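Below: the structure, in C-alpha cells.
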Amino acid sequence: MSSTSPNQQQYRFSRQTHHFGHDHTPNIWERIHIDPWLTLLLLTICFLSLAILYSASTQDMAMVIRQMVSYSIAFTVMFAMAQIPPSIYRLFTPFFYVAGVCLLLLVEIAGEVRMGAQRWISIPGFGSVQPSEFMKLGMPMACAWFLSKRDLPPKITTVVITLIVIMLPVLLIAKEPDLGTSLLVAASGIFVLFLAGLPWWMIGSAIAMMIPLVWAGWQFFMHDYQKQRVLTLLNPESDTLGTGWNITQSKIAIGSGGISGKGYLEGTQSHLHFLPEGHTDFIIAAFSEEFGLIGVCVLLFLYACILMRSLYISLIHKDTYGRLLGGAIAISFFVYVFVNIGMVGGILPVVGVPLPLISYGGTAVITLMAGFGLLMSIYTHNP
C-alpha cells in the first residue's frame, strides 16, 4: 500500500472542496445579496404596472408618481432586508410576532375607523399603518421559527400549538372586520405546516372539520355584507345594479378585450367609470380589456416565473427555517394572485385583495417586496 503525504492529502481536500463550491469567489450579485433573475422579473412587472395604472386611472399622472415612490421605497426595503442573514431573522422572529399581535390589539382599542372597518393606526407625522399587513410576513416567520426547532414531520402537539399561533392574530384581524386579509394570513401559516410534512390523514381530518366550522362562521360570525358577497358570487345576475354591479362590469371588461384587446388607452369600461376600483382590486379587468387574452397570458407567465424562482430558492436552502419560510412566501404570493384573479373573474367572492405588484397601493407593495427581500437573504446567505 502506498502512503500519502500530508501535503498530498491537503491538496486532495482543496481540489475536492472546489467541486463543492467552498472556494467559489462570490460575484457582484452575491456580494450585494441580490438575486438578479428575481429582481429583473419584479422590475418588469412594476414597469408594466405603471403603464397599466396610467390607463386605468384615466391618465392620472399624480397617481402614477405616487406609485413610483411606493415602488422606490419597496425596492429599498427589499435590498435592505436582503443584507441581513436569515439567522438574524430567526433570532428576532418571536419579538416580531409578539409586536404584531400587540399592534392588532392596539387597533382594537384605539384604531381608526374607515368605511365601517377599524384596521388602521394613526402615527403622528407619518400617517396611518395597517398592522394586519405586517402579519402576512410575521405569520410564516413565526410558524417557520417554531417548527424548525421541532422534529419533522410534526407531531399532534406541535400541530395544535402551531394552529394556536396562527389563530390568535387571525381572529383579531377578522374582528376588524377584514375577512380577506385574515384568510390570507391564516393560509400563510398553514402553508408552513404543509411544507413541514403534515401527514395526509391530518390534512383530510382538517378538511372534514372545516364543514361545521364554515356553517358556524356563516351563522354566527360573518357580517351581512360578507354573506351578501357569497350570495352574489352564486348569482350575480340577481342584483346587477346593486351588489352584483362590480362583478358584472368586470366580466364585461374582460370579455370585451377578446384575444388581442382594444389597445392601450382604449379601454371603455374603466375610462367611462363603469368598472369600479379599476386601478386597485379590479385592475386586471382593465388590463384584460386593453391587452386581451394575449396580454393576460404574458402577465401570468411573469407571475409563474417569479413563483418558480422563489420555490427554487427555498428548495436549495439547507436550513429548515429558510426552506419553510421561503416556501411559504412563494406559495402565499401565488395565492394572492389566484384570489385576486378568481375574484375579478367571478369564481371567488369579492374580498378586497389587490393584484400583487400591479394594483395601486403602498403598504401592500412594501410588505410584498419585504417578503422577496427575505427570499433573497435566504438565497444569498445559503450555508
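Within each chain, counting starts at residue 1; across the C-alpha cells, chains are named A, B, ... in the order shown, with ligands numbered 1 upward in that order.
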Inset, instruction - Using DSSP on the backbone, list every residue of range 43-287 of chain A that comes out as helix (DSSP H, G or I), and give them as JSON, numbers by chain. - result: {"A": [43, 44, 45, 46, 47, 48, 49, 50, 51, 52, 53, 54, 55, 56, 61, 62, 63, 64, 65, 66, 67, 68, 69, 70, 71, 72, 73, 74, 75, 76, 77, 78, 79, 80, 81, 82, 86, 87, 88, 89, 90, 91, 92, 93, 94, 95, 96, 97, 98, 99, 100, 101, 102, 103, 104, 105, 106, 107, 108, 109, 110, 131, 132, 133, 134, 135, 136, 137, 138, 139, 140, 141, 142, 143, 144, 145, 146, 147, 148, 156, 157, 158, 159, 160, 161, 162, 163, 164, 165, 166, 167, 168, 169, 170, 171, 172, 173, 174, 179, 180, 181, 182, 183, 184, 185, 186, 187, 188, 189, 190, 191, 192, 193, 194, 195, 200, 201, 202, 203, 204, 205, 206, 207, 208, 209, 210, 211, 212, 213, 214, 215, 216, 217, 218, 219, 220, 221, 224, 225, 226, 227, 228, 229, 230, 231, 232, 233, 234, 236, 237, 238, 239, 245, 246, 247, 248, 249, 250, 251, 252, 253, 254, 255, 256, 257, 283, 284, 285, 286, 287]}
Inset, instruction - Find the residues near range 328-331 of chain A: any atom within 7 Å, counting only C-alpha atoms, skip ones fewer than 6 places away on the same chain, and give them as a list in words. - result: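 The filter keeps Pro140, Ser188, Phe191, Val192, Leu307, Ser310, Leu311 and Gly371 of chain A.
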Prev. selection, C-alpha atoms, output as a PDB file, in the first residue's frame:
```pdb
ATOM      1  CA  PRO A 140     -44.976  32.448   8.227  1.00  0.00           C
ATOM      2  CA  SER A 188     -49.525  31.719   5.057  1.00  0.00           C
ATOM      3  CA  PHE A 191     -48.573  26.580   4.201  1.00  0.00           C
ATOM      4  CA  VAL A 192     -45.642  26.325   6.611  1.00  0.00           C
ATOM      5  CA  LEU A 307     -43.201  31.700  -8.376  1.00  0.00           C
ATOM      6  CA  SER A 310     -38.999  31.653  -5.419  1.00  0.00           C
ATOM      7  CA  LEU A 311     -39.686  27.936  -4.983  1.00  0.00           C
ATOM      8  CA  GLY A 371     -41.028  39.130   1.554  1.00  0.00           C
TER       9      GLY A 371
END
```
Inset, instruction - Find the residue from A:Val159, A:Leu48, A:Leu368, A:Leu302 that sits nearest to Met135 in chain A; use only C-alpha atoms when measuring. - result: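 Ranking A:Val159, A:Leu48, A:Leu368, A:Leu302 by distance to Met135 in chain A, first place goes to A:Leu368.
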Inset, instruction - Run DSSP on the backbone and give me the residues of range 111-357 of chain A it puts in strand (DSSP E), as a ChimeraX atom specification. - result: /A:112-114,117-123,127-129
Inset, instruction - Fewer than 2 positions away in the same chain doesn't count, so skip those; otherwise give me all residues within 10 Å of Ala187 in chain A, counting only C-alpha atoms, as a PyMOL selection string. - result: chain A and resi 136+139-140+166+170+181-185+189-193+328+331-332+335
Inset, instruction - Identify which of the residues A:Thr158, A:Thr25, A:Thr232, A:Ser314 lies closest to Trp245 in chain A, counting only C-alpha atoms when measuring atom-to-atom distances. - result: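 Comparing A:Thr158, A:Thr25, A:Thr232, A:Ser314 against Trp245 in chain A, the winner is A:Thr232.
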Legend entry - Which residue of A:Lys262, A:Arg229, A:His381, A:Lys318 approaches Leu348 in chain A most closely, using only C-alpha atoms: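 Closest to Leu348 in chain A, using only C-alpha atoms: A:Arg229.
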Inset, instruction - Might you pull out every residue within 9 Å of Leu172 in chain A, with only C-alpha atoms counted and same-chain residues fewer than 3 positions away left off, and present them as a PyMOL selection string? - result: chain A and resi 101+104-105+108+132+167-169+175-177+182
Legend entry - Contacts of Gln226 in chain A within 12 Å, only C-alpha atoms, excl. fewer than 4 positions in-chain, as a PyMOL selection string: chain A and resi 174+177-180+217-219+221-222+230-233+243+349-352
For the selection you just gave me, I'd like the residues written to a file as a PDB file, in the first residue's frame, keeping C-alpha atoms.
```pdb
ATOM      1  CA  ALA A 174     -61.228  39.025  11.298  1.00  0.00           C
ATOM      2  CA  PRO A 177     -63.509  43.169  10.212  1.00  0.00           C
ATOM      3  CA  ASP A 178     -61.143  42.113   7.420  1.00  0.00           C
ATOM      4  CA  LEU A 179     -62.087  38.608   6.354  1.00  0.00           C
ATOM      5  CA  GLY A 180     -59.929  38.619   3.213  1.00  0.00           C
ATOM      6  CA  GLY A 217     -68.922  31.024  10.722  1.00  0.00           C
ATOM      7  CA  TRP A 218     -71.851  31.702   8.399  1.00  0.00           C
ATOM      8  CA  GLN A 219     -74.392  31.590  11.226  1.00  0.00           C
ATOM      9  CA  PHE A 221     -69.510  35.332  12.794  1.00  0.00           C
ATOM     10  CA  MET A 222     -69.936  36.643   9.244  1.00  0.00           C
ATOM     11  CA  VAL A 230     -71.032  34.953  -1.185  1.00  0.00           C
ATOM     12  CA  LEU A 231     -74.642  35.092  -2.410  1.00  0.00           C
ATOM     13  CA  THR A 232     -73.620  37.493  -5.166  1.00  0.00           C
ATOM     14  CA  LEU A 233     -70.910  35.063  -6.263  1.00  0.00           C
ATOM     15  CA  THR A 243     -74.337  44.077  -5.152  1.00  0.00           C
ATOM     16  CA  PRO A 349     -66.187  36.123  -3.594  1.00  0.00           C
ATOM     17  CA  VAL A 350     -65.037  39.743  -3.693  1.00  0.00           C
ATOM     18  CA  VAL A 351     -62.746  40.056  -0.656  1.00  0.00           C
ATOM     19  CA  GLY A 352     -60.713  43.169  -1.450  1.00  0.00           C
TER      20      GLY A 352
END
```
Legend entry - Coordinates-based distance that separates CA of Met78 in chain A from CA of Ala370 in chain A (Å, one decimal): 4.9 Å
Inset, instruction - With a distance cut-off of 9 Å and only C-alpha atoms, select the neighbouring residues of Ile316 in chain A, excluding the residue or stretch itself and same-chain residues fewer than 6 positions from it, and output the selection as a list in words. - result: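 Once the adjacent positions are removed, what remains is Arg323, Tyr379 and Asn382 of chain A.
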Legend entry - Residue among A:Ile123, A:Val98, A:Leu152, A:Leu374 lying closest to Phe79 in chain A, counting only C-alpha atoms: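 Answer, going by the shortest atom-to-atom distance: A:Leu374.
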Inset, instruction - Go through A:Thr268, A:Gly326, A:Ser87, A:Ser70 one by one, measure the shortest atom-to-atom distance of each to Gly373 in chain A using only C-alpha atoms, and give the residue with the smallest value. - result: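 Among the listed residues, A:Gly326 lies closest to Gly373 in chain A.
The smallest atom-to-atom distance between Ile358 in chain A and any of A:Ile109, A:Leu41, A:Ile65, A:Cys46, using only C-alpha atoms, is found for A:Cys46.
If you look at CA of Lys149 in chain A and CA of Leu91 in chain A, they are 12.0 Å away from each other.
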